[in-house]
Amino acid sequence: MDLAPSMSDNVEEKTEVIYGAENIVKRVLEIIPNLKESVDNCVNSNGPSMFVIPDHPITKAYRELNDRGVRIRFISEITRENIGYCKELMKICELRHLDEVKGNFGIADGTYYTAGAKNIESSPPPLLIFSTLRAFVEQQQYFYEMLWKKAIPAKQRIKEIEEGVKREFIETI
């Protein structure tokens, strides 16, 4: 089953580690204009703040992706502290909540995989793993789809936070 469109036939398979915010932003901005189908990101609770920085090149690039009709999805832990960033992010993507998300990764057009080390609010990670290894990217897309199915819609989570509603859950003993 093909989970995402793939442009892998035209992309050299390789993996690299990119260091430094400037180099990371440059590398990401080289890829974004070529994307046609989808961008899927799973980010920790600091992650949403990185994609809504006013006038930042990454924020602008994501807005342009949205304007071009590229499907953008995010999974993040939505908290009282990041709810403003999440509301802003929802203007350009579909956002879902998952408790206790750790780490950050993304898959674009079923071809590119990126993973960042722990990040600080409103700043890129100190390093980025970038891979176009087809088997690995496909595996990560499958993993993302599993998380997406378990995550709840952002509007539901935001309502829980704003109204102080406790989520019902069943605990297995």
# chains A, B, ... in the order shown; residues from 1 in each chain; ligands from 1

$ residues_around --residues "stretch 40-52 of chain A" --least-positions-apart "4" --cutoff "6 Å" --atoms "only C-alpha atoms" --output "NGL selection string"
:A and (59 or 72-77 or 85-86 or 101-107 or 121-123)

$ write_last_selection --atoms "C-alpha atoms" --output "PDB file, in the first residue's frame"
ATOM      1  CA  THR A  59       6.749  30.439   8.097  1.00  0.00           C
ATOM      2  CA  ILE A  72       0.026  20.065   5.543  1.00  0.00           C
ATOM      3  CA  ARG A  73      -0.570  18.018   8.682  1.00  0.00           C
ATOM      4  CA  PHE A  74       0.907  18.430  12.160  1.00  0.00           C
ATOM      5  CA  ILE A  75       0.775  16.260  15.248  1.00  0.00           C
ATOM      6  CA  SER A  76       1.837  17.953  18.470  1.00  0.00           C
ATOM      7  CA  GLU A  77       1.078  18.025  22.146  1.00  0.00           C
ATOM      8  CA  TYR A  85       0.889  29.037  18.498  1.00  0.00           C
ATOM      9  CA  CYS A  86      -1.378  26.094  17.722  1.00  0.00           C
ATOM     10  CA  VAL A 101       5.051  13.884  22.003  1.00  0.00           C
ATOM     11  CA  LYS A 102       8.839  13.838  22.287  1.00  0.00           C
ATOM     12  CA  GLY A 103      11.185  14.672  19.441  1.00  0.00           C
ATOM     13  CA  ASN A 104      10.452  16.117  16.040  1.00  0.00           C
ATOM     14  CA  PHE A 105      10.219  14.560  12.590  1.00  0.00           C
ATOM     15  CA  GLY A 106       8.598  15.155   9.262  1.00  0.00           C
ATOM     16  CA  ILE A 107       7.987  13.520   5.897  1.00  0.00           C
ATOM     17  CA  GLU A 121      10.594  27.714  21.602  1.00  0.00           C
ATOM     18  CA  SER A 122      10.586  29.725  18.357  1.00  0.00           C
ATOM     19  CA  SER A 123      13.946  28.464  17.104  1.00  0.00           C
TER      20      SER A 123
END

$ residues_around --residues "A:Phe130" --least-positions-apart "3" --cutoff "9 Å" --atoms "only C-alpha atoms" --output "list in words"
Lys14, Thr15, Glu16, Val17, Ile18, Tyr112, Tyr113, Thr114, Ala115 and Gly116 of chain A

$ write_last_selection --atoms "C-alpha atoms" --output "PDB file, in the first residue's frame"
ATOM      1  CA  LYS A  14      21.246   9.562   1.003  1.00  0.00           C
ATOM      2  CA  THR A  15      21.255  10.583   4.654  1.00  0.00           C
ATOM      3  CA  GLU A  16      23.045  13.571   6.119  1.00  0.00           C
ATOM      4  CA  VAL A  17      23.246  15.498   9.374  1.00  0.00           C
ATOM      5  CA  ILE A  18      22.983  19.270   9.091  1.00  0.00           C
ATOM      6  CA  TYR A 112      12.110  13.458   2.263  1.00  0.00           C
ATOM      7  CA  TYR A 113      12.469  12.657   5.956  1.00  0.00           C
ATOM      8  CA  THR A 114      13.753  15.117   8.523  1.00  0.00           C
ATOM      9  CA  ALA A 115      14.279  14.764  12.259  1.00  0.00           C
ATOM     10  CA  GLY A 116      15.453  17.412  14.647  1.00  0.00           C
TER      11      GLY A 116
END

$ closest_residue --among "A:Ala117, A:Val39, A:Ala61, A:Leu98" --to "A:Lys149" --atoms "only C-alpha atoms"
A:Leu98

$ residues_around --residues "stretch 24-31 of chain A" --least-positions-apart "6" --cutoff "8 Å" --atoms "only C-alpha atoms" --output "JSON, numbers by chain"
{"A": [18, 57, 58, 61, 124, 127, 128]}

$ closest_residue --among "A:Ala108, A:Lys159, A:Tyr142, A:Ile152" --to "A:Leu95" --atoms "only C-alpha atoms"
A:Ile152
